[in-house]
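One file, input15.txt, carrying compact mmCIF, C-alpha atoms:
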# COMPACT_ATOMS: atom_id res chain seq x y z
CA MET A 1 -75.78 -48.79 -16.95
CA ASN A 2 -78.86 -46.75 -16.19
CA GLU A 3 -80.14 -45.66 -19.60
CA PRO A 4 -82.11 -42.57 -18.50
CA GLU A 5 -78.95 -41.33 -16.77
CA ALA A 6 -76.89 -42.08 -19.88
CA PHE A 7 -79.34 -40.09 -22.01
CA ALA A 8 -79.18 -37.23 -19.47
CA ALA A 9 -75.37 -37.32 -19.59
CA ILE A 10 -75.45 -37.06 -23.39
CA ARG A 11 -77.96 -34.19 -23.33
CA GLU A 12 -76.13 -32.16 -20.67
CA SER A 13 -72.66 -32.71 -22.12
CA THR A 14 -73.68 -31.82 -25.66
CA THR A 15 -75.69 -28.70 -24.81
CA GLY A 16 -72.89 -27.54 -22.48
CA VAL A 17 -70.10 -27.98 -25.03
CA ILE A 18 -72.03 -26.40 -27.92
CA SER A 19 -73.06 -23.46 -25.76
CA THR A 20 -69.68 -22.84 -24.08
CA MET A 21 -67.37 -23.36 -27.05
CA LEU A 22 -69.55 -22.22 -29.94
CA SER A 23 -72.12 -19.90 -28.33
CA LEU A 24 -74.84 -21.87 -30.11
CA GLU A 25 -77.96 -23.51 -28.73
CA ALA A 26 -78.41 -27.26 -29.21
CA CYS A 27 -81.97 -28.37 -28.44
CA PRO A 28 -82.20 -32.07 -27.54
CA GLY A 29 -84.83 -34.10 -29.37
CA GLU A 30 -86.38 -37.43 -28.59
CA ALA A 31 -83.85 -40.03 -27.53
CA SER A 32 -84.01 -43.55 -28.96
CA GLN A 33 -82.32 -46.94 -28.88
CA GLN A 34 -81.43 -48.67 -32.14
CA HIS A 35 -79.42 -51.78 -32.87
CA ASP A 36 -78.71 -51.00 -36.54
CA PRO A 37 -79.04 -47.25 -37.07
CA PRO A 38 -79.49 -46.07 -40.68
CA PRO A 39 -76.44 -45.15 -42.82
CA LEU A 40 -74.80 -41.77 -42.38
CA ASN A 41 -73.97 -39.00 -44.86
CA GLY A 42 -71.59 -36.36 -43.59
CA VAL A 43 -68.93 -36.10 -40.91
CA MET A 44 -68.58 -38.42 -37.94
CA ALA A 45 -66.20 -38.37 -34.98
CA LEU A 46 -65.73 -41.84 -33.52
CA LEU A 47 -64.20 -42.51 -30.10
CA SER A 48 -63.65 -45.79 -28.30
CA PHE A 49 -63.95 -46.59 -24.63
CA THR A 50 -62.37 -49.31 -22.57
CA GLY A 51 -62.38 -50.32 -18.94
CA ASP A 52 -64.83 -52.57 -17.09
CA TRP A 53 -67.23 -51.41 -19.81
CA VAL A 54 -66.24 -51.17 -23.48
CA GLY A 55 -67.78 -49.57 -26.52
CA SER A 56 -67.91 -46.53 -28.78
CA GLY A 57 -69.29 -43.04 -28.99
CA VAL A 58 -70.14 -41.05 -32.11
CA LEU A 59 -70.78 -37.39 -32.83
CA TYR A 60 -72.28 -36.98 -36.31
CA CYS A 61 -73.76 -34.31 -38.58
CA HIS A 62 -74.21 -33.45 -42.26
CA GLU A 63 -71.54 -31.47 -44.13
CA LYS A 64 -73.42 -28.19 -43.89
CA LEU A 65 -73.64 -28.30 -40.09
CA ALA A 66 -70.04 -29.49 -39.83
CA CYS A 67 -68.95 -26.38 -41.74
CA ARG A 68 -71.19 -24.17 -39.61
CA LEU A 69 -69.84 -25.62 -36.35
CA SER A 70 -66.24 -25.23 -37.56
CA SER A 71 -66.95 -21.65 -38.61
CA ALA A 72 -68.16 -20.99 -35.05
CA MET A 73 -65.06 -22.63 -33.57
CA LEU A 74 -62.64 -20.78 -35.80
CA LEU A 75 -64.60 -17.50 -36.01
CA SER A 76 -64.09 -17.54 -39.77
CA GLU A 77 -66.31 -18.67 -42.62
CA VAL A 78 -65.85 -22.28 -43.72
CA THR A 79 -67.86 -23.33 -46.77
CA GLU A 80 -66.57 -26.81 -47.53
CA VAL A 81 -65.25 -29.75 -45.56
CA ASN A 82 -61.49 -29.39 -45.19
CA ASN A 83 -58.88 -30.44 -42.63
CA ASP A 84 -60.00 -27.75 -40.18
CA VAL A 85 -63.60 -29.05 -40.34
CA LEU A 86 -62.51 -32.64 -39.76
CA ASP A 87 -60.24 -31.54 -36.92
CA GLY A 88 -63.01 -29.40 -35.40
CA ILE A 89 -65.61 -32.17 -35.47
CA GLY A 90 -63.04 -34.52 -33.97
CA GLU A 91 -62.42 -32.09 -31.15
CA LEU A 92 -66.16 -31.55 -30.57
CA GLY A 93 -66.58 -35.32 -30.35
CA ASN A 94 -63.67 -35.44 -27.91
CA MET A 95 -65.22 -32.79 -25.66
CA VAL A 96 -68.82 -34.08 -25.78
CA LEU A 97 -67.98 -37.75 -25.30
CA GLY A 98 -65.22 -36.95 -22.81
CA ASN A 99 -67.77 -35.17 -20.65
CA VAL A 100 -70.26 -38.04 -21.13
CA LYS A 101 -67.52 -40.44 -20.03
CA ASP A 102 -66.86 -38.48 -16.85
CA ARG A 103 -70.55 -38.57 -15.92
CA LEU A 104 -70.90 -42.28 -16.66
CA GLU A 105 -67.87 -43.35 -14.63
CA SER A 106 -69.86 -43.17 -11.40
CA MET A 107 -72.08 -45.92 -12.90
CA VAL A 108 -69.69 -48.08 -14.89
CA GLY A 109 -66.29 -47.50 -13.30
CA ALA A 110 -63.18 -45.92 -14.79
CA LEU A 111 -63.14 -45.63 -18.58
CA ALA A 112 -60.26 -44.76 -20.89
CA MET A 113 -61.13 -42.92 -24.10
CA SER A 114 -59.27 -42.97 -27.40
CA VAL A 115 -58.26 -39.97 -29.49
CA PRO A 116 -60.98 -39.28 -32.10
CA THR A 117 -61.13 -40.83 -35.56
CA VAL A 118 -63.05 -38.70 -38.04
CA VAL A 119 -64.86 -40.16 -41.04
CA TYR A 120 -66.26 -38.06 -43.89
CA GLY A 121 -68.31 -39.43 -46.73
CA ARG A 122 -71.66 -40.65 -47.94
CA ASN A 123 -73.76 -43.67 -47.12
CA PHE A 124 -71.46 -45.22 -44.55
CA GLN A 125 -72.72 -47.45 -41.79
CA THR A 126 -71.53 -47.97 -38.24
CA ARG A 127 -71.57 -51.42 -36.70
CA THR A 128 -70.61 -52.78 -33.36
CA ASN A 129 -70.10 -56.38 -32.25
CA LEU A 130 -71.50 -55.50 -28.85
CA HIS A 131 -74.90 -57.09 -28.35
CA ARG A 132 -76.35 -53.77 -27.28
CA ASN A 133 -78.39 -50.99 -28.80
CA TRP A 134 -76.95 -47.62 -29.66
CA LEU A 135 -78.33 -44.87 -27.43
CA ILE A 136 -79.05 -41.99 -29.81
CA VAL A 137 -79.89 -38.37 -29.00
CA PRO A 138 -80.54 -35.85 -31.80
CA PHE A 139 -79.97 -32.14 -31.24
CA GLN A 140 -81.46 -29.32 -33.28
CA ILE A 141 -79.02 -26.50 -34.00
CA GLY A 142 -80.97 -23.99 -36.08
CA ASP A 143 -82.28 -25.92 -39.08
CA ASP A 144 -79.68 -28.67 -38.78
CA THR A 145 -79.37 -31.83 -36.69
CA LEU A 146 -76.41 -33.07 -34.70
CA GLU A 147 -76.53 -36.60 -33.38
CA VAL A 148 -74.67 -38.17 -30.47
CA ARG A 149 -74.61 -41.96 -30.21
CA LEU A 150 -73.27 -44.21 -27.48
CA CYS A 151 -72.93 -47.98 -27.25
CA LEU A 152 -71.41 -49.47 -24.10
CA SER A 153 -71.40 -53.02 -22.77
CA PRO A 154 -69.82 -54.63 -19.71
CA LYS A 155 -66.62 -56.47 -20.51
CA ILE A 156 -66.99 -60.17 -19.83
CA LYS A 157 -64.27 -61.17 -17.40
CA PRO A 158 -62.76 -64.66 -17.48
CA ALA A 159 -64.20 -67.00 -14.85
CA MET B 1 -44.63 -7.53 -18.82
CA ALA B 2 -46.20 -9.80 -21.42
CA TYR B 3 -46.53 -13.51 -20.74
CA ASN B 4 -45.19 -15.84 -23.42
CA VAL B 5 -47.28 -18.99 -23.64
CA PHE B 6 -46.63 -22.45 -25.08
CA VAL B 7 -49.72 -24.44 -26.19
CA VAL B 8 -49.72 -28.23 -26.71
CA ASP B 9 -52.72 -29.99 -28.29
CA ASP B 10 -53.01 -32.54 -31.11
CA SER B 11 -55.93 -30.56 -32.57
CA ALA B 12 -54.90 -27.55 -34.67
CA VAL B 13 -58.42 -26.14 -34.20
CA MET B 14 -58.14 -26.42 -30.41
CA ARG B 15 -54.75 -24.70 -30.50
CA LYS B 16 -56.40 -21.78 -32.36
CA ILE B 17 -59.23 -21.70 -29.80
CA LEU B 18 -56.74 -21.71 -26.93
CA GLU B 19 -54.79 -18.87 -28.54
CA ARG B 20 -57.96 -16.87 -29.10
CA SER B 21 -59.10 -17.42 -25.50
CA LEU B 22 -55.68 -16.35 -24.19
CA ARG B 23 -55.84 -13.14 -26.25
CA GLN B 24 -59.37 -12.50 -24.89
CA THR B 25 -58.12 -12.46 -21.28
CA ARG B 26 -57.26 -9.14 -19.71
CA LEU B 27 -53.68 -10.23 -19.08
CA PRO B 28 -50.81 -9.11 -21.31
CA ILE B 29 -50.16 -12.11 -23.55
CA GLY B 30 -46.99 -11.97 -25.65
CA ASP B 31 -45.82 -14.66 -28.04
CA ILE B 32 -47.81 -17.89 -28.28
CA SER B 33 -45.91 -20.88 -29.63
CA GLU B 34 -47.29 -24.36 -30.10
CA ALA B 35 -46.78 -28.09 -30.58
CA GLY B 36 -48.99 -30.96 -31.69
CA ASP B 37 -47.88 -33.56 -29.14
CA GLY B 38 -45.60 -34.11 -26.19
CA VAL B 39 -42.58 -35.18 -28.24
CA GLU B 40 -42.67 -32.04 -30.39
CA ALA B 41 -43.34 -29.91 -27.30
CA LEU B 42 -40.32 -31.26 -25.44
CA GLU B 43 -38.01 -30.63 -28.41
CA LYS B 44 -39.24 -27.08 -28.91
CA LEU B 45 -39.21 -26.22 -25.20
CA LYS B 46 -35.63 -27.41 -24.79
CA ALA B 47 -34.62 -24.93 -27.51
CA ALA B 48 -36.95 -22.10 -26.44
CA ASN B 49 -36.34 -19.05 -24.23
CA GLY B 50 -38.67 -16.80 -22.32
CA ILE B 51 -41.69 -19.12 -21.97
CA HIS B 52 -43.72 -18.23 -18.88
CA VAL B 53 -46.44 -20.93 -18.89
CA ILE B 54 -47.42 -24.08 -20.78
CA PHE B 55 -51.02 -25.11 -21.52
CA SER B 56 -51.20 -28.79 -22.43
CA ASP B 57 -53.87 -31.26 -23.47
CA VAL B 58 -53.74 -34.70 -21.81
CA ASN B 59 -54.90 -37.20 -24.46
CA MET B 60 -52.44 -36.88 -27.35
CA PRO B 61 -50.67 -39.41 -29.57
CA ASN B 62 -46.90 -40.09 -29.32
CA MET B 63 -46.54 -38.58 -25.85
CA ASP B 64 -49.55 -37.62 -23.75
CA GLY B 65 -49.78 -34.57 -21.52
CA LEU B 66 -49.07 -36.37 -18.25
CA GLU B 67 -45.89 -37.95 -19.64
CA LEU B 68 -44.87 -34.54 -21.00
CA LEU B 69 -45.39 -33.15 -17.49
CA ARG B 70 -43.22 -35.91 -15.99
CA GLN B 71 -40.46 -35.27 -18.52
CA LEU B 72 -40.55 -31.51 -17.96
CA LYS B 73 -40.25 -31.99 -14.19
CA GLN B 74 -37.21 -34.19 -14.77
CA THR B 75 -35.49 -31.61 -17.02
CA GLU B 76 -33.42 -29.15 -15.01
CA ALA B 77 -33.88 -26.19 -17.33
CA LEU B 78 -37.67 -26.69 -17.63
CA LYS B 79 -38.84 -28.07 -14.30
CA SER B 80 -39.88 -24.72 -12.85
CA LEU B 81 -42.14 -23.84 -15.81
CA PRO B 82 -45.79 -23.89 -14.70
CA VAL B 83 -47.88 -26.39 -16.70
CA VAL B 84 -51.67 -26.08 -16.87
CA MET B 85 -53.53 -29.16 -18.11
CA VAL B 86 -56.44 -28.40 -20.50
CA THR B 87 -58.48 -31.54 -21.00
CA THR B 88 -61.81 -33.33 -21.13
CA GLU B 89 -60.60 -35.61 -18.32
CA GLY B 90 -62.32 -34.12 -15.33
CA THR B 91 -62.67 -36.81 -12.70
CA GLU B 92 -61.18 -36.08 -9.28
CA ALA B 93 -58.72 -38.96 -9.72
CA LYS B 94 -57.34 -37.50 -12.96
CA VAL B 95 -57.10 -34.01 -11.50
CA MET B 96 -55.25 -35.34 -8.44
CA GLU B 97 -52.92 -37.36 -10.67
CA ALA B 98 -51.99 -34.27 -12.67
CA LEU B 99 -51.51 -32.13 -9.57
CA SER B 100 -49.41 -34.83 -7.88
CA LEU B 101 -47.13 -34.85 -10.94
CA GLY B 102 -46.64 -31.11 -10.51
CA ALA B 103 -49.29 -29.49 -12.73
CA ALA B 104 -49.81 -25.86 -11.72
CA GLY B 105 -53.47 -25.85 -12.75
CA TYR B 106 -56.26 -27.75 -14.44
CA ILE B 107 -58.91 -26.50 -16.89
CA ARG B 108 -61.68 -28.76 -18.16
CA LYS B 109 -62.87 -28.57 -21.76
CA PRO B 110 -65.17 -26.85 -22.64
CA PHE B 111 -63.72 -23.70 -21.12
CA THR B 112 -64.23 -19.96 -21.31
CA ALA B 113 -61.72 -17.13 -21.59
CA LEU B 114 -62.72 -16.14 -18.06
CA GLN B 115 -61.65 -19.53 -16.70
CA MET B 116 -58.28 -19.16 -18.44
CA GLU B 117 -57.93 -15.68 -16.99
CA GLU B 118 -58.62 -16.99 -13.47
CA VAL B 119 -55.94 -19.65 -13.82
CA LEU B 120 -53.40 -17.13 -15.13
CA HIS B 121 -54.24 -14.71 -12.32
CA LYS B 122 -53.59 -17.44 -9.74
CA LEU B 123 -50.26 -18.26 -11.34
CA PHE B 124 -48.97 -14.74 -11.77
CA SER B 125 -50.60 -12.69 -9.01

Could I get this structure in the form of structure tokens?
Amino acid sequence: MNEPEAFAAIRESTTGVISTMLSLEACPGEASQQHDPPPLNGVMALLSFTGDWVGSGVLYCHEKLACRLSSAMLLSEVTEVNNDVLDGIGELGNMVLGNVKDRLESMVGALAMSVPTVVYGRNFQTRTNLHRNWLIVPFQIGDDTLEVRLCLSPKIKPA
Amino acid sequence: MAYNVFVVDDSAVMRKILERSLRQTRLPIGDISEAGDGVEALEKLKAANGIHVIFSDVNMPNMDGLELLRQLKQTEALKSLPVVMVTTEGTEAKVMEALSLGAAGYIRKPFTALQMEEVLHKLFS
């Protein structure tokens, strides 16, 4: 997988979804690769991929941004994380990573994507058994940061 | 005449967004009813009257949107209902698969109210 193209797919998908669905601007920051990213505090949508390549994608932000994004989706004020916020972040993850998946398929072949799992809490860590780095792109939305992470590896086929 | 719409998506937030986008179109939208997956949708549609169009997600638990489409096309009373797929799956292969199963239209997420309006115009003009 061509990493610059993967980063571009993440940037274009995320800015497109945030702009179209929420009428907000997401400004991409410096992309990075990390094997063991630091623990998370907030709300995370996790999706899995399978096909000739396998792995996971994550859309993550702090509580405050999660509430702000859900408020924009629902057009009503949301001040604390509730089922609508978890559902909304799950759906944002679905749209962002679904669009990333479509762009990557020309490089890695057909991919199937799971429905999102949403995790909310403090100091939780993500880990993958794939011997690959997470590709991480932060996005500035006002004063808050949204992060999209992707880890994909070719599936080893039996000889 | 107002168009009664049935919306199928496992995300309650997305169902609200779909409803809002439908109401933002310049077409007369009547009642909007909904379901959270294909199984629930099939049950409700079999008992419903006066639905003019279905908007359905593809990736859903229990019964996905393509299986719902297959089942609708095999049900005498429901097979002529137009079904528009609303999904993140946007590759040409997936679009062709949905259209070959009888989908009347295809909208990729993220979408705008204008895109929904264009699809409805094509269906009902």

Between A:Thr14, A:Thr20, A:Asn83, A:Asn2, which residue has the minimum interatomic distance to Thr112 in chain B, considering only C-alpha atoms?
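Once distances to Thr112 in chain B are computed over only C-alpha atoms, the minimum belongs to A:Thr20.
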
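Using all atoms listed in the file, the nearest neighbour of Ala45 in chain A within the list A:Ser114, A:Thr145, A:Thr128, A:Asn99 is A:Ser114.
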
Glu80 in chain A surroundings by only C-alpha atoms, 9 Å radius, close-in-sequence under 3 positions cut, as a count of residues only
5

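Among the candidates B:Ala98, B:Ala47, B:Ala93, B:Leu81, the residue lying nearest to Gly65 in chain B is B:Ala98 (atoms considered: all atoms listed in the file).
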
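Residue nearest Lys101 in chain A, chosen from A:Ser13, A:Ser32, A:Val148, A:Glu3 and counting all atoms listed in the file: A:Ser13.
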
Using the structure block above, produce a file of range 25-40 of chain A that contains all heavy atoms, as a CSV table (one decimal), in the first residue's frame.
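Wrote it out as out-v9.csv, contents follow:
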chain,number,residue,atom,x,y,z
A,25,GLU,N,-15.4,22.8,9.0
A,25,GLU,CA,-14.1,22.7,8.3
A,25,GLU,C,-13.1,21.9,9.2
A,25,GLU,O,-12.9,22.2,10.3
A,25,GLU,CB,-13.5,24.1,8.0
A,25,GLU,CG,-12.2,24.0,7.1
A,25,GLU,CD,-11.6,25.4,6.9
A,25,GLU,OE1,-12.0,26.4,7.5
A,25,GLU,OE2,-10.7,25.4,6.1
A,26,ALA,N,-12.6,20.8,8.6
A,26,ALA,CA,-11.6,20.0,9.3
A,26,ALA,C,-10.2,20.3,8.6
A,26,ALA,O,-10.1,19.9,7.4
A,26,ALA,CB,-12.0,18.5,9.2
A,27,CYS,N,-9.3,20.8,9.3
A,27,CYS,CA,-8.0,21.2,8.7
A,27,CYS,C,-7.0,20.1,9.0
A,27,CYS,O,-6.6,19.9,10.2
A,27,CYS,CB,-7.5,22.5,9.2
A,27,CYS,SG,-8.6,23.9,8.8
A,28,PRO,N,-6.5,19.4,8.0
A,28,PRO,CA,-5.5,18.3,8.3
A,28,PRO,C,-4.2,18.8,8.8
A,28,PRO,O,-3.7,19.8,8.3
A,28,PRO,CB,-5.4,17.6,6.9
A,28,PRO,CG,-5.9,18.5,5.9
A,28,PRO,CD,-6.8,19.5,6.6
A,29,GLY,N,-3.7,18.1,9.8
A,29,GLY,CA,-2.4,18.4,10.4
A,29,GLY,C,-1.3,17.4,9.8
A,29,GLY,O,-1.6,16.7,8.8
A,30,GLU,N,-0.2,17.4,10.5
A,30,GLU,CA,0.9,16.6,10.0
A,30,GLU,C,0.6,15.1,10.3
A,30,GLU,O,0.3,14.7,11.4
A,30,GLU,CB,2.2,17.0,10.8
A,30,GLU,CG,3.4,16.4,10.2
A,30,GLU,CD,4.7,16.9,10.8
A,30,GLU,OE1,4.6,18.0,11.4
A,30,GLU,OE2,5.7,16.1,10.8
A,31,ALA,N,0.7,14.3,9.2
A,31,ALA,CA,0.5,12.9,9.3
A,31,ALA,C,1.7,12.2,10.0
A,31,ALA,O,2.8,12.7,9.9
A,31,ALA,CB,0.2,12.3,8.0
A,32,SER,N,1.4,11.1,10.6
A,32,SER,CA,2.5,10.3,11.2
A,32,SER,C,2.3,8.8,11.2
A,32,SER,O,1.2,8.4,10.9
A,32,SER,CB,2.7,10.8,12.7
A,32,SER,OG,1.6,10.4,13.4
A,33,GLN,N,3.3,8.1,11.5
A,33,GLN,CA,3.2,6.6,11.6
A,33,GLN,C,3.6,6.2,13.0
A,33,GLN,O,4.7,6.6,13.4
A,33,GLN,CB,4.1,5.9,10.6
A,33,GLN,CG,3.6,6.2,9.1
A,33,GLN,CD,4.3,5.2,8.2
A,33,GLN,OE1,4.4,4.0,8.4
A,33,GLN,NE2,4.8,5.7,7.1
A,34,GLN,N,2.9,5.5,13.7
A,34,GLN,CA,3.2,5.1,15.1
A,34,GLN,C,2.8,3.6,15.3
A,34,GLN,O,1.8,3.2,14.8
A,34,GLN,CB,2.5,5.9,16.1
A,34,GLN,CG,2.8,7.4,16.0
A,34,GLN,CD,2.1,8.2,17.0
A,34,GLN,OE1,1.9,7.8,18.2
A,34,GLN,NE2,1.6,9.4,16.6
A,35,HIS,N,3.7,2.8,15.9
A,35,HIS,CA,3.4,1.5,16.2
A,35,HIS,C,2.5,1.3,17.4
A,35,HIS,O,1.5,0.6,17.5
A,35,HIS,CB,4.6,0.6,16.4
A,35,HIS,CG,4.3,-0.9,16.4
A,35,HIS,ND1,4.3,-1.6,17.5
A,35,HIS,CD2,4.0,-1.7,15.3
A,35,HIS,CE1,4.0,-2.9,17.2
A,35,HIS,NE2,3.8,-2.9,15.9
A,36,ASP,N,2.8,2.1,18.5
A,36,ASP,CA,2.0,2.0,19.7
A,36,ASP,C,1.6,3.5,20.1
A,36,ASP,O,2.2,4.1,20.9
A,36,ASP,CB,2.9,1.5,20.9
A,36,ASP,CG,3.1,0.0,20.7
A,36,ASP,OD1,2.2,-0.7,20.4
A,36,ASP,OD2,4.3,-0.4,20.9
A,37,PRO,N,0.5,3.9,19.5
A,37,PRO,CA,0.0,5.3,19.7
A,37,PRO,C,-0.3,5.4,21.2
A,37,PRO,O,-0.7,4.4,21.9
A,37,PRO,CB,-1.2,5.5,18.9
A,37,PRO,CG,-1.2,4.3,17.9
A,37,PRO,CD,-0.4,3.2,18.5
A,38,PRO,N,-0.3,6.7,21.7
A,38,PRO,CA,-0.6,6.9,23.2
A,38,PRO,C,-2.1,6.6,23.5
A,38,PRO,O,-2.9,6.5,22.5
A,38,PRO,CB,-0.3,8.4,23.4
A,38,PRO,CG,-0.3,9.0,22.0
A,38,PRO,CD,0.1,7.9,21.1
A,39,PRO,N,-2.4,6.3,24.8
A,39,PRO,CA,-3.8,6.0,25.1
A,39,PRO,C,-4.7,7.1,24.8
A,39,PRO,O,-4.3,8.3,24.6
A,39,PRO,CB,-3.7,5.9,26.7
A,39,PRO,CG,-2.3,5.6,27.0
A,39,PRO,CD,-1.5,6.3,25.9
A,40,LEU,N,-6.0,6.8,24.7
A,40,LEU,CA,-7.0,7.7,24.3
A,40,LEU,C,-8.0,8.0,25.4
A,40,LEU,O,-8.2,7.2,26.3
A,40,LEU,CB,-7.9,7.1,23.1
A,40,LEU,CG,-7.1,6.6,21.9
A,40,LEU,CD1,-8.0,5.9,20.9
A,40,LEU,CD2,-6.4,7.8,21.2
